[in-house]
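File shown here: model_26.txt, holding compact mmCIF, C-alpha atoms.
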```
# COMPACT_ATOMS: atom_id res chain seq x y z
CA MET A 175 2.24 -28.31 -18.56
CA ASP A 176 -0.04 -26.22 -16.45
CA SER A 177 -0.82 -22.65 -17.19
CA PHE A 178 -2.19 -20.45 -14.45
CA SER A 179 -5.34 -18.39 -14.08
CA ASP A 180 -5.54 -14.85 -12.78
CA ALA A 181 -6.89 -16.31 -9.54
CA ASP A 182 -3.86 -18.61 -9.22
CA ARG A 183 -1.49 -15.74 -9.81
CA ASP A 184 -3.31 -13.50 -7.36
CA ALA A 185 -3.12 -16.25 -4.74
CA LEU A 186 0.65 -16.46 -5.21
CA TYR A 187 1.04 -12.71 -4.93
CA ARG A 188 -1.12 -12.49 -1.80
CA ILE A 189 0.92 -15.28 -0.22
CA MET A 190 4.14 -13.42 -1.03
CA ARG A 191 2.81 -10.08 0.21
CA THR A 192 1.46 -11.43 3.51
CA ARG A 193 4.42 -13.66 4.40
CA ARG A 194 6.09 -12.43 7.58
CA ASP A 195 9.13 -13.15 9.74
CA ILE A 196 7.37 -14.54 12.82
CA ARG A 197 8.65 -14.36 16.39
CA HIS A 198 5.42 -14.91 18.36
CA PHE A 199 4.10 -18.47 18.21
CA LEU A 200 1.19 -20.45 19.61
CA PRO A 201 2.10 -23.75 21.25
CA THR A 202 -0.30 -25.68 18.95
CA PRO A 203 1.57 -28.65 17.45
CA LEU A 204 1.97 -28.80 13.69
CA PRO A 205 0.09 -31.67 11.99
CA PRO A 206 2.62 -34.08 10.40
CA ASP A 207 0.99 -33.77 6.95
CA VAL A 208 1.48 -29.99 7.07
CA VAL A 209 5.18 -30.40 7.91
CA ARG A 210 5.54 -32.93 5.11
CA ARG A 211 3.92 -30.64 2.51
CA ILE A 212 6.10 -27.70 3.53
CA LEU A 213 9.27 -29.80 3.21
CA GLU A 214 8.11 -31.27 -0.12
CA MET A 215 7.78 -27.75 -1.49
CA ALA A 216 11.24 -26.81 -0.17
CA HIS A 217 12.57 -29.90 -1.95
CA ALA A 218 10.89 -28.77 -5.22
CA ALA A 219 13.23 -25.75 -5.38
CA PRO A 220 15.77 -25.37 -8.18
CA SER A 221 19.42 -26.14 -7.49
CA VAL A 222 22.69 -25.78 -9.34
CA GLY A 223 23.30 -28.94 -11.37
CA PHE A 224 20.19 -30.43 -9.71
CA MET A 225 22.50 -30.86 -6.71
CA GLN A 226 19.73 -30.63 -4.08
CA PRO A 227 22.39 -29.78 -1.49
CA TRP A 228 19.92 -29.22 1.36
CA ASN A 229 19.02 -31.20 4.47
CA PHE A 230 16.38 -30.36 7.03
CA VAL A 231 17.16 -31.09 10.67
CA LEU A 232 13.87 -31.00 12.58
CA ILE A 233 14.58 -29.97 16.14
CA THR A 234 12.14 -30.77 18.91
CA SER A 235 14.50 -31.53 21.83
CA LEU A 236 13.96 -28.99 24.60
CA THR A 237 17.54 -29.38 25.85
CA LEU A 238 18.94 -28.66 22.42
CA ARG A 239 16.69 -25.65 21.96
CA GLN A 240 17.69 -24.27 25.35
CA GLN A 241 21.34 -24.52 24.31
CA ILE A 242 20.60 -22.77 21.01
CA LYS A 243 18.58 -20.10 22.80
CA ALA A 244 21.59 -19.49 25.07
CA SER A 245 23.71 -18.99 21.94
CA PHE A 246 21.17 -16.43 20.76
CA GLU A 247 21.20 -14.59 24.10
CA THR A 248 24.98 -14.25 24.13
CA ARG A 249 25.17 -13.02 20.54
CA ASN A 250 22.20 -10.74 20.95
CA ALA A 251 23.72 -8.97 23.95
CA HIS A 252 26.88 -8.47 21.89
CA GLU A 253 24.83 -7.07 18.98
CA ALA A 254 22.92 -4.64 21.21
CA ALA A 255 26.17 -3.40 22.75
CA SER A 256 27.55 -2.62 19.28
CA ILE A 257 24.84 -0.07 18.45
CA ALA A 258 26.23 3.44 18.97
CA ASP A 259 23.00 5.46 18.91
CA PRO A 260 21.13 5.18 22.25
CA ALA A 261 17.64 5.48 20.70
CA ARG A 262 18.40 2.78 18.11
CA GLN A 263 19.91 0.61 20.83
CA ALA A 264 16.79 0.98 22.99
CA LEU A 265 14.58 0.13 20.01
CA TYR A 266 16.75 -2.90 19.22
CA THR A 267 16.57 -4.28 22.75
CA SER A 268 12.77 -3.85 22.79
CA LEU A 269 12.41 -6.25 19.83
CA LYS A 270 11.67 -9.96 20.17
CA LEU A 271 14.01 -11.50 17.62
CA GLU A 272 13.39 -15.25 17.95
CA GLY A 273 10.84 -17.85 19.03
CA ILE A 274 13.20 -20.79 19.62
CA LEU A 275 11.46 -22.16 22.71
CA GLU A 276 7.87 -21.12 21.97
CA ALA A 277 7.63 -22.51 18.43
CA PRO A 278 6.63 -26.19 18.41
CA LEU A 279 9.28 -26.92 15.77
CA ASN A 280 12.71 -25.57 14.83
CA ILE A 281 14.27 -26.50 11.49
CA ALA A 282 17.97 -26.15 10.70
CA VAL A 283 18.39 -25.96 6.93
CA THR A 284 21.86 -27.04 5.91
CA CYS A 285 23.95 -27.17 2.76
CA ASP A 286 26.06 -30.28 2.11
CA ARG A 287 28.91 -28.78 0.12
CA ARG A 288 30.41 -32.23 -0.52
CA ARG A 289 27.38 -33.57 -2.40
CA ASP A 290 28.07 -34.86 -5.94
CA ALA A 291 31.78 -34.02 -5.66
CA PRO A 292 33.92 -33.61 -7.67
CA PHE A 293 31.69 -32.28 -10.48
CA VAL A 294 28.45 -30.36 -10.01
CA LEU A 295 27.15 -28.98 -13.29
CA GLY A 296 27.52 -25.19 -13.22
CA ARG A 297 28.94 -24.86 -9.72
CA ALA A 298 32.70 -24.45 -10.28
CA PRO A 299 32.49 -20.94 -11.80
CA MET A 300 30.40 -19.70 -8.84
CA PRO A 301 31.10 -22.08 -5.94
CA ASP A 302 28.56 -20.51 -3.57
CA THR A 303 25.66 -21.47 -5.84
CA ASP A 304 25.14 -24.49 -3.57
CA LEU A 305 24.42 -22.13 -0.67
CA PHE A 306 22.26 -20.00 -2.95
CA SER A 307 20.26 -23.07 -4.02
CA THR A 308 19.63 -23.88 -0.37
CA CYS A 309 18.18 -20.39 0.06
CA LEU A 310 15.79 -20.96 -2.84
CA ALA A 311 14.51 -24.01 -0.97
CA ILE A 312 14.11 -21.90 2.17
CA GLN A 313 11.94 -19.38 0.34
CA ASN A 314 9.76 -22.19 -1.01
CA LEU A 315 9.42 -23.50 2.55
CA TRP A 316 8.52 -20.04 3.86
CA LEU A 317 5.83 -19.45 1.22
CA ALA A 318 4.36 -22.95 1.56
CA ALA A 319 4.17 -22.41 5.32
CA ARG A 320 2.34 -19.10 4.79
CA ALA A 321 -0.20 -20.80 2.53
CA GLU A 322 -0.79 -23.36 5.32
CA GLY A 323 -1.26 -20.57 7.88
CA VAL A 324 2.08 -21.47 9.48
CA GLY A 325 4.66 -18.88 10.52
CA VAL A 326 8.42 -19.04 9.98
CA GLY A 327 11.05 -16.93 11.71
CA TRP A 328 14.69 -16.97 10.55
CA VAL A 329 17.14 -16.56 13.44
CA SER A 330 20.54 -15.35 12.27
CA ILE A 331 21.69 -14.07 15.67
CA LEU A 332 23.47 -17.27 16.66
CA ASP A 333 26.96 -18.67 16.99
CA LYS A 334 26.92 -20.67 13.75
CA LYS A 335 29.81 -22.96 14.72
CA ALA A 336 28.20 -23.70 18.08
CA VAL A 337 24.91 -24.70 16.44
CA GLU A 338 26.74 -26.84 13.87
CA THR A 339 28.50 -28.64 16.73
CA LEU A 340 25.30 -29.10 18.75
CA LEU A 341 23.62 -30.68 15.70
CA GLU A 342 26.70 -32.89 15.08
CA MET A 343 27.09 -31.60 11.54
CA PRO A 344 30.15 -33.10 9.81
CA PRO A 345 32.86 -31.00 8.14
CA GLY A 346 31.69 -29.87 4.71
CA VAL A 347 28.12 -29.36 5.86
CA GLN A 348 27.14 -25.81 6.69
CA LEU A 349 24.23 -24.27 8.57
CA VAL A 350 22.40 -21.88 6.24
CA ALA A 351 19.26 -21.03 8.21
CA TYR A 352 17.86 -21.68 11.66
CA LEU A 353 14.08 -21.45 11.44
CA CYS A 354 11.38 -21.30 14.11
CA VAL A 355 8.17 -22.83 12.75
CA GLY A 356 4.63 -22.88 14.15
CA TYR A 357 1.24 -21.22 14.10
CA PRO A 358 1.75 -17.50 14.78
CA THR A 359 -0.27 -15.36 17.17
CA GLU A 360 -0.90 -13.25 14.07
CA PHE A 361 0.38 -12.28 10.61
CA ARG A 362 0.81 -8.55 10.99
CA PRO A 363 -0.02 -6.21 8.09
CA GLN A 364 3.56 -4.86 7.78
CA PRO A 365 7.02 -6.27 8.40
CA LEU A 366 7.81 -5.69 12.08
CA LEU A 367 10.92 -3.61 11.36
CA GLN A 368 8.82 -1.28 9.23
CA GLU A 369 6.01 -1.12 11.79
CA VAL A 370 8.34 -0.10 14.64
CA GLY A 371 10.18 2.47 12.53
CA TRP A 372 13.47 0.58 12.24
CA LYS A 373 13.50 0.77 8.44
CA ASN A 374 11.08 1.37 5.58
CA ARG A 375 10.62 -0.55 2.38
CA LEU A 376 12.75 0.99 -0.36
CA PRO A 377 11.03 2.27 -3.53
CA LEU A 378 11.36 -0.45 -6.16
CA ASP A 379 12.19 2.08 -8.88
CA ASP A 380 15.37 3.04 -7.01
CA LEU A 381 16.59 -0.54 -7.26
CA VAL A 382 16.14 -1.20 -10.98
CA TYR A 383 18.87 -0.31 -13.46
CA HIS A 384 19.31 -0.68 -17.20
CA ASP A 385 22.39 -2.28 -18.80
CA ARG A 386 24.77 -0.87 -16.20
CA TRP A 387 24.92 -0.03 -12.50
CA GLY A 388 23.34 3.32 -11.66
CA GLU A 389 21.50 3.83 -14.96
CA ARG A 390 17.85 4.30 -13.95
CA TYR A 391 15.16 2.37 -15.74
CA ALA A 392 11.58 3.66 -15.95
CA LEU A 393 9.58 0.52 -15.20
CA MET B 262 -4.52 -10.68 7.49
CA ASP B 263 -5.43 -13.04 4.72
CA SER B 264 -5.89 -16.71 5.20
CA PHE B 265 -5.72 -19.00 2.21
CA SER B 266 -8.12 -21.51 0.72
CA ASP B 267 -7.25 -25.01 -0.45
CA ALA B 268 -7.43 -23.66 -4.01
CA ASP B 269 -4.91 -20.92 -3.19
CA ARG B 270 -2.55 -23.41 -1.62
CA ASP B 271 -2.91 -25.82 -4.54
CA ALA B 272 -2.12 -22.99 -6.96
CA LEU B 273 1.08 -22.22 -5.05
CA TYR B 274 2.10 -25.86 -5.02
CA ARG B 275 1.43 -26.31 -8.75
CA ILE B 276 3.46 -23.18 -9.50
CA MET B 277 6.35 -24.55 -7.42
CA ARG B 278 6.16 -28.02 -8.98
CA THR B 279 5.99 -26.78 -12.60
CA ARG B 280 8.68 -24.09 -12.31
CA ARG B 281 11.64 -24.97 -14.54
CA ASP B 282 15.12 -23.70 -15.38
CA ILE B 283 14.51 -22.51 -18.95
CA ARG B 284 17.11 -22.36 -21.73
CA HIS B 285 14.85 -22.27 -24.82
CA PHE B 286 13.04 -18.97 -25.31
CA LEU B 287 10.65 -17.42 -27.80
CA PRO B 288 11.61 -13.95 -29.06
CA THR B 289 8.24 -12.50 -27.93
CA PRO B 290 8.89 -9.32 -25.91
CA LEU B 291 7.76 -9.22 -22.29
CA PRO B 292 4.96 -6.73 -21.55
CA PRO B 293 6.26 -4.03 -19.18
CA ASP B 294 3.48 -4.69 -16.64
CA VAL B 295 4.55 -8.34 -16.45
CA VAL B 296 8.17 -7.34 -15.79
CA ARG B 297 7.01 -4.89 -13.14
CA ARG B 298 4.88 -7.48 -11.31
CA ILE B 299 7.71 -10.01 -11.30
CA LEU B 300 10.13 -7.45 -9.84
CA GLU B 301 7.56 -6.29 -7.27
CA MET B 302 7.27 -9.85 -6.04
CA ALA B 303 11.06 -10.21 -5.86
CA HIS B 304 11.10 -7.02 -3.80
CA ALA B 305 8.49 -8.49 -1.42
CA ALA B 306 10.99 -11.12 -0.26
CA PRO B 307 12.28 -11.18 3.31
CA SER B 308 15.74 -9.83 4.08
CA VAL B 309 18.02 -9.76 7.08
CA GLY B 310 17.29 -6.60 9.10
CA PHE B 311 14.90 -5.54 6.28
CA MET B 312 18.11 -4.68 4.43
CA GLN B 313 16.64 -5.25 0.93
CA PRO B 314 20.20 -5.59 -0.40
CA TRP B 315 19.16 -6.44 -3.96
CA ASN B 316 19.26 -4.52 -7.23
CA PHE B 317 18.00 -5.68 -10.60
CA VAL B 318 20.02 -4.74 -13.67
CA LEU B 319 17.79 -5.27 -16.70
CA ILE B 320 19.98 -6.06 -19.67
CA THR B 321 18.72 -5.56 -23.19
CA SER B 322 21.88 -4.34 -24.99
CA LEU B 323 22.87 -6.86 -27.65
CA THR B 324 26.54 -5.88 -27.42
CA LEU B 325 26.59 -6.48 -23.68
CA ARG B 326 24.83 -9.80 -24.07
CA GLN B 327 27.28 -10.91 -26.74
CA GLN B 328 30.14 -10.14 -24.36
CA ILE B 329 28.46 -12.09 -21.57
CA LYS B 330 27.72 -14.97 -23.92
CA ALA B 331 31.44 -15.05 -24.80
CA SER B 332 32.23 -15.31 -21.07
CA PHE B 333 29.84 -18.28 -20.91
CA GLU B 334 31.46 -19.98 -23.91
CA THR B 335 34.95 -19.74 -22.44
CA ARG B 336 33.92 -21.01 -19.03
CA ASN B 337 31.74 -23.73 -20.50
CA ALA B 338 34.56 -25.16 -22.60
CA HIS B 339 36.68 -25.22 -19.44
CA GLU B 340 33.93 -27.00 -17.54
CA ALA B 341 33.44 -29.62 -20.27
CA ALA B 342 37.17 -30.31 -20.36
CA SER B 343 37.19 -30.97 -16.61
CA ILE B 344 34.79 -33.95 -16.83
CA ALA B 345 36.81 -37.16 -16.67
CA ASP B 346 34.17 -39.67 -17.80
CA PRO B 347 33.73 -39.56 -21.62
CA ALA B 348 30.01 -40.45 -21.55
CA ARG B 349 29.28 -37.74 -18.96
CA GLN B 350 31.37 -35.29 -20.93
CA ALA B 351 29.43 -36.07 -24.13
CA LEU B 352 26.13 -35.67 -22.28
CA TYR B 353 27.33 -32.36 -20.81
CA THR B 354 28.34 -30.91 -24.17
CA SER B 355 24.96 -31.93 -25.66
CA LEU B 356 23.10 -29.70 -23.17
CA LYS B 357 21.99 -26.14 -23.88
CA LEU B 358 22.88 -24.34 -20.67
CA GLU B 359 21.87 -20.73 -21.33
CA GLY B 360 19.58 -18.52 -23.41
CA ILE B 361 21.50 -15.23 -23.11
CA LEU B 362 20.92 -14.05 -26.68
CA GLU B 363 17.53 -15.65 -27.37
CA ALA B 364 15.72 -14.43 -24.26
CA PRO B 365 14.24 -10.94 -24.73
CA LEU B 366 15.49 -9.90 -21.29
CA ASN B 367 18.44 -10.73 -19.05
CA ILE B 368 18.43 -9.69 -15.40
CA ALA B 369 21.52 -9.48 -13.22
CA VAL B 370 20.47 -9.73 -9.58
CA THR B 371 23.04 -8.16 -7.31
CA CYS B 372 23.70 -7.80 -3.59
CA ASP B 373 24.88 -4.44 -2.28
CA ARG B 374 26.91 -5.53 0.71
CA ARG B 375 27.50 -1.92 1.78
CA ARG B 376 23.81 -1.10 2.27
CA ASP B 377 22.83 0.14 5.75
CA ALA B 378 26.45 -0.11 6.98
CA PRO B 379 27.67 -0.25 9.69
CA PHE B 380 24.76 -1.99 11.42
CA VAL B 381 22.29 -4.38 9.79
CA LEU B 382 20.04 -6.04 12.35
CA GLY B 383 20.99 -9.71 12.57
CA ARG B 384 23.70 -9.72 9.92
CA ALA B 385 26.96 -9.55 11.89
CA PRO B 386 26.71 -13.08 13.32
CA MET B 387 26.17 -14.55 9.82
CA PRO B 388 27.56 -11.99 7.36
CA ASP B 389 26.42 -13.87 4.24
CA THR B 390 22.76 -13.44 5.15
CA ASP B 391 22.71 -10.47 2.78
CA LEU B 392 23.55 -12.81 -0.12
CA PHE B 393 21.03 -15.31 1.22
CA SER B 394 18.32 -12.62 1.32
CA THR B 395 19.05 -11.81 -2.31
CA CYS B 396 18.45 -15.47 -3.15
CA LEU B 397 15.05 -15.36 -1.44
CA ALA B 398 14.15 -12.49 -3.78
CA ILE B 399 15.34 -14.53 -6.76
CA GLN B 400 13.05 -17.43 -5.83
CA ASN B 401 10.10 -15.03 -5.53
CA LEU B 402 10.99 -13.66 -8.97
CA TRP B 403 11.21 -17.17 -10.43
CA LEU B 404 7.84 -18.26 -9.02
CA ALA B 405 6.09 -15.03 -10.04
CA ALA B 406 7.47 -15.48 -13.55
CA ARG B 407 6.11 -19.04 -13.67
CA ALA B 408 2.66 -17.82 -12.63
CA GLU B 409 2.85 -15.29 -15.51
CA GLY B 410 3.84 -18.03 -17.97
CA VAL B 411 7.35 -16.58 -18.15
CA GLY B 412 10.48 -18.72 -18.01
CA VAL B 413 13.65 -18.00 -16.05
CA GLY B 414 17.06 -19.62 -16.54
CA TRP B 415 19.90 -19.06 -14.07
CA VAL B 416 23.31 -18.99 -15.78
CA SER B 417 26.13 -19.70 -13.31
CA ILE B 418 28.70 -20.69 -15.95
CA LEU B 419 30.22 -17.22 -16.26
CA ASP B 420 33.28 -15.28 -15.24
CA LYS B 421 31.67 -13.41 -12.35
CA LYS B 422 34.32 -10.68 -12.18
CA ALA B 423 34.07 -10.08 -15.93
CA VAL B 424 30.29 -9.66 -15.74
CA GLU B 425 30.61 -7.34 -12.73
CA THR B 426 33.06 -5.21 -14.72
CA LEU B 427 30.86 -5.18 -17.84
CA LEU B 428 27.92 -3.98 -15.74
CA GLU B 429 30.11 -1.33 -14.03
CA MET B 430 29.27 -2.65 -10.59
CA PRO B 431 31.14 -0.76 -7.84
CA PRO B 432 33.28 -2.47 -5.20
CA GLY B 433 31.04 -3.87 -2.46
CA VAL B 434 28.34 -4.89 -4.89
CA GLN B 435 28.31 -8.54 -5.92
CA LEU B 436 26.65 -10.43 -8.76
CA VAL B 437 24.46 -13.15 -7.24
CA ALA B 438 22.52 -14.42 -10.25
CA TYR B 439 22.49 -13.88 -13.98
CA LEU B 440 19.00 -14.69 -15.26
CA CYS B 441 17.62 -15.17 -18.77
CA VAL B 442 13.94 -14.20 -18.82
CA GLY B 443 11.27 -14.65 -21.49
CA TYR B 444 8.43 -16.82 -22.73
CA PRO B 445 9.74 -20.38 -23.03
CA THR B 446 9.17 -22.72 -25.95
CA GLU B 447 7.70 -25.02 -23.28
CA PHE B 448 7.67 -25.88 -19.59
CA ARG B 449 8.79 -29.50 -19.65
CA PRO B 450 7.24 -32.01 -17.23
CA GLN B 451 10.57 -32.81 -15.50
CA PRO B 452 13.75 -30.87 -14.74
CA LEU B 453 15.98 -31.21 -17.81
CA LEU B 454 18.86 -32.79 -15.89
CA GLN B 455 16.47 -35.49 -14.65
CA GLU B 456 14.95 -36.00 -18.10
CA VAL B 457 18.33 -36.56 -19.77
CA GLY B 458 19.57 -38.89 -17.04
CA TRP B 459 22.14 -36.52 -15.55
CA LYS B 460 20.74 -36.82 -12.03
CA ASN B 461 17.50 -37.89 -10.34
CA ARG B 462 15.55 -36.15 -7.63
CA LEU B 463 16.65 -37.43 -4.22
CA PRO B 464 14.06 -39.06 -1.94
CA LEU B 465 12.91 -36.40 0.52
CA ASP B 466 12.98 -38.87 3.42
CA ASP B 467 16.75 -39.27 2.99
CA LEU B 468 17.19 -35.54 3.57
CA VAL B 469 15.23 -35.09 6.79
CA TYR B 470 16.88 -35.62 10.17
CA HIS B 471 15.75 -35.31 13.77
CA ASP B 472 17.67 -33.30 16.39
CA ARG B 473 21.06 -34.23 14.98
CA TRP B 474 22.77 -34.90 11.66
CA GLY B 475 22.21 -38.46 10.38
CA GLU B 476 19.31 -39.35 12.71
CA ARG B 477 16.47 -40.34 10.37
CA TYR B 478 13.02 -38.89 10.91
CA ALA B 479 9.89 -40.72 9.76
CA LEU B 480 7.88 -37.91 8.19
```

Produce structure tokens that represent the structure in this file.
Amino acid sequence: MDSFSDADRDALYRIMRTRRDIRHFLPTPLPPDVVRRILEMAHAAPSVGFMQPWNFVLITSLTLRQQIKASFETRNAHEAASIADPARQALYTSLKLEGILEAPLNIAVTCDRRRDAPFVLGRAPMPDTDLFSTCLAIQNLWLAARAEGVGVGWVSILDKKAVETLLEMPPGVQLVAYLCVGYPTEFRPQPLLQEVGWKNRLPLDDLVYHDRWGERYAL
Amino acid sequence: MDSFSDADRDALYRIMRTRRDIRHFLPTPLPPDVVRRILEMAHAAPSVGFMQPWNFVLITSLTLRQQIKASFETRNAHEAASIADPARQALYTSLKLEGILEAPLNIAVTCDRRRDAPFVLGRAPMPDTDLFSTCLAIQNLWLAARAEGVGVGWVSILDKKAVETLLEMPPGVQLVAYLCVGYPTEFRPQPLLQEVGWKNRLPLDDLVYHDRWGERYAL
């Protein structure tokens, strides 16, 4: 099997470091071969018991996206209202948190929890590993998109049940991520929430322990 | 910000395609700078509201690993007994499903669900997005390891509560993944479960829909 050069490794690390959560998109359509490559890489992700529990619902319908955007608006107003501190609330409401209508493509990534029932190798002891596997595919998708110059924005401010109903998802299938996908106006140097002073990146050394919770490890 | 060459993109795609779930490890210790780079890349993952809910508990204690291996053995016997078909059961019991003692390093990746309470931007509508973010970090870790020639094996056949207790994790912190990490004896050309005939990779085209569940999309 392949081994990787320093240049290969550096490419991976630059892709990871410059990946962003994108909310500002150009209307430029995505070439079909780019979409295919991004989905192929998502599908190359690991999964519990090789379950491959994911599906990708590509959403282009304007009507559907307007309905989903309305779900965002309702939830987002509710979120803003729940912030006690006025300065934080003002900062929150100044942020653009989705690109549902501007992005040329939306992708709902789902987890089919019924797949391979009744026995998925390794799943019973930790039943949510099917959802976790789906997230591994999402990160592959996100990184592949970045390497193609394509932006991805994950919208979690939604009524999950409403979106599942709009997409006619059957019982046992669950929405994991709603993604806006397209060429971004830019990849900014820092995560937006860091740039605007919402939150800073934590020091890695504070997050690494040795043999038990709270025991610091000198990396 | 960076844009990426065809060579960069191809490197990413080869890393994704040749990443494997590893259960056979060499005893060779991992250089500290390699461990640091892998964790830095995990920490570069996206997270809901920039929450960065992850911690990494690096486990080297042999006693601890023996206790965790015992938890695997108990659960694994239970899993094997639950398989009705004798041929599938025999295939299952023939598989090596962990490398807890052989790998020079184990890493418990956790999600601190209390972090940034009471308000994490974007989390309230989909509360499990903190767990999902932790999984994005795990996939970064797995890919970075592959680029370094290091293997990762995710062990889900465990008593989660027992491992959380052994690692002295406080209430509100949850084990997401238990990883065995080290140089592998090899990176095999195919996923092991495909190679041994447990399950094949699904055709991508069967997994892609358009605007609603079940509506096929010609990629």

d(CA of Val209 in chain A, CA of Ser394 in chain B) in Å:
23.1 Å

Per residue of chain B within 6 Å of chain A, note the shortest atom pair and the distance in Å to one decimal, counting only C-alpha atoms, and order the rows by chain and increasing residue number, as a tab-separated table.
```
residue	atom	partner	partner_atom	distance
B:Phe265	CA	A:Ala321	CA	5.8
B:Asp269	CA	A:Ala185	CA	5.2
B:Arg270	CA	A:Ala321	CA	5.4
B:Ala272	CA	A:Asp182	CA	5.2
B:Leu273	CA	A:Leu186	CA	5.8
B:Asn316	CA	A:Leu381	CA	4.8
B:Phe317	CA	A:Val382	CA	4.9
B:Val318	CA	A:Tyr383	CA	4.6
B:Leu319	CA	A:His384	CA	4.9
B:Ile320	CA	A:Asp385	CA	4.6
B:Gly383	CA	A:Ile331	CA	5.4
B:Pro386	CA	A:Ile331	CA	5.6
B:Phe393	CA	A:Cys309	CA	5.9
B:Cys396	CA	A:Cys309	CA	5.9
B:Leu397	CA	A:Gln313	CA	5.4
B:Gln400	CA	A:Leu310	CA	5.4
B:Ala408	CA	A:Arg183	CA	5.4
B:Ser417	CA	A:Gly296	CA	5.7
B:Ile418	CA	A:Gly296	CA	5.4
B:Leu428	CA	A:Arg386	CA	4.5
B:Glu429	CA	A:Trp387	CA	5.6
B:Met430	CA	A:Trp387	CA	5.4
B:Leu468	CA	A:Asn229	CA	4.8
B:Val469	CA	A:Phe230	CA	4.9
B:Tyr470	CA	A:Val231	CA	4.6
B:His471	CA	A:Leu232	CA	4.9
B:Asp472	CA	A:Ile233	CA	4.5
B:Arg473	CA	A:Leu341	CA	4.4
B:Trp474	CA	A:Met343	CA	5.4
```

So what do you get for CA of Val370 in chain A versus CA of Gln263 in chain A, distance-wise?
13.1 Å

Just to confirm, what's the straight-line distance from CA of Cys372 in chain B to CA of Gly433 in chain B in Å (one decimal)?
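Separating CA of Cys372 in chain B from CA of Gly433 in chain B is a distance of 8.4 Å.
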
Find the axis-aligned box for range 342-351 of chain B, covering all its listed atoms and adding 4 Å on each side, and write its centre and edge lengths in Å to one decimal as lines of an AutoDock Vina configuration file.
```
center_x = 33.2
center_y = -35.4
center_z = -20.4
size_x = 15.9
size_y = 18.1
size_z = 15.5
```

Name all residues at most 9 Å from Tyr357 in chain A (count all atoms listed in the file; drop same-chain ones fewer than 6 positions away) and give them as a list of chain:residue names.
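What passes the distance filter is A:His198, A:Phe199, A:Leu200, A:Pro201, A:Thr202, A:Pro203, A:Leu204, A:Ala277, A:Pro278, A:Gly323, A:Val324, A:Gly325, A:Val326.
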
Where atoms are absent from range 333-342 of chain B, fill them in so it carries N, CA, C and O atoms, then output it as a CSV table (one decimal), keeping the file's coordinate frame.
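Saved to rebuild-v6.csv:
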```csv
chain,number,residue,atom,x,y,z
B,333,PHE,N,30.4,-16.9,-21.1
B,333,PHE,CA,29.8,-18.3,-20.9
B,333,PHE,C,30.6,-19.3,-21.7
B,333,PHE,O,31.0,-20.4,-21.2
B,334,GLU,N,30.8,-19.0,-23.0
B,334,GLU,CA,31.5,-20.0,-23.9
B,334,GLU,C,32.8,-20.4,-23.4
B,334,GLU,O,33.2,-21.6,-23.4
B,335,THR,N,33.6,-19.4,-22.9
B,335,THR,CA,35.0,-19.7,-22.4
B,335,THR,C,34.9,-20.6,-21.2
B,335,THR,O,35.5,-21.7,-21.1
B,336,ARG,N,34.0,-20.2,-20.3
B,336,ARG,CA,33.9,-21.0,-19.0
B,336,ARG,C,33.3,-22.4,-19.3
B,336,ARG,O,33.7,-23.4,-18.7
B,337,ASN,N,32.4,-22.5,-20.2
B,337,ASN,CA,31.7,-23.7,-20.5
B,337,ASN,C,32.7,-24.7,-21.1
B,337,ASN,O,32.7,-25.9,-20.8
B,338,ALA,N,33.6,-24.3,-22.0
B,338,ALA,CA,34.6,-25.2,-22.6
B,338,ALA,C,35.5,-25.7,-21.5
B,338,ALA,O,35.8,-26.9,-21.5
B,339,HIS,N,35.8,-24.8,-20.6
B,339,HIS,CA,36.7,-25.2,-19.4
B,339,HIS,C,36.0,-26.3,-18.6
B,339,HIS,O,36.6,-27.3,-18.2
B,340,GLU,N,34.7,-26.0,-18.3
B,340,GLU,CA,33.9,-27.0,-17.5
B,340,GLU,C,33.9,-28.4,-18.2
B,340,GLU,O,34.1,-29.4,-17.6
B,341,ALA,N,33.5,-28.4,-19.5
B,341,ALA,CA,33.4,-29.6,-20.3
B,341,ALA,C,34.8,-30.4,-20.2
B,341,ALA,O,34.8,-31.6,-20.0
B,342,ALA,N,35.9,-29.7,-20.4
B,342,ALA,CA,37.2,-30.3,-20.4
B,342,ALA,C,37.5,-30.9,-19.0
B,342,ALA,O,38.3,-31.9,-18.9
```
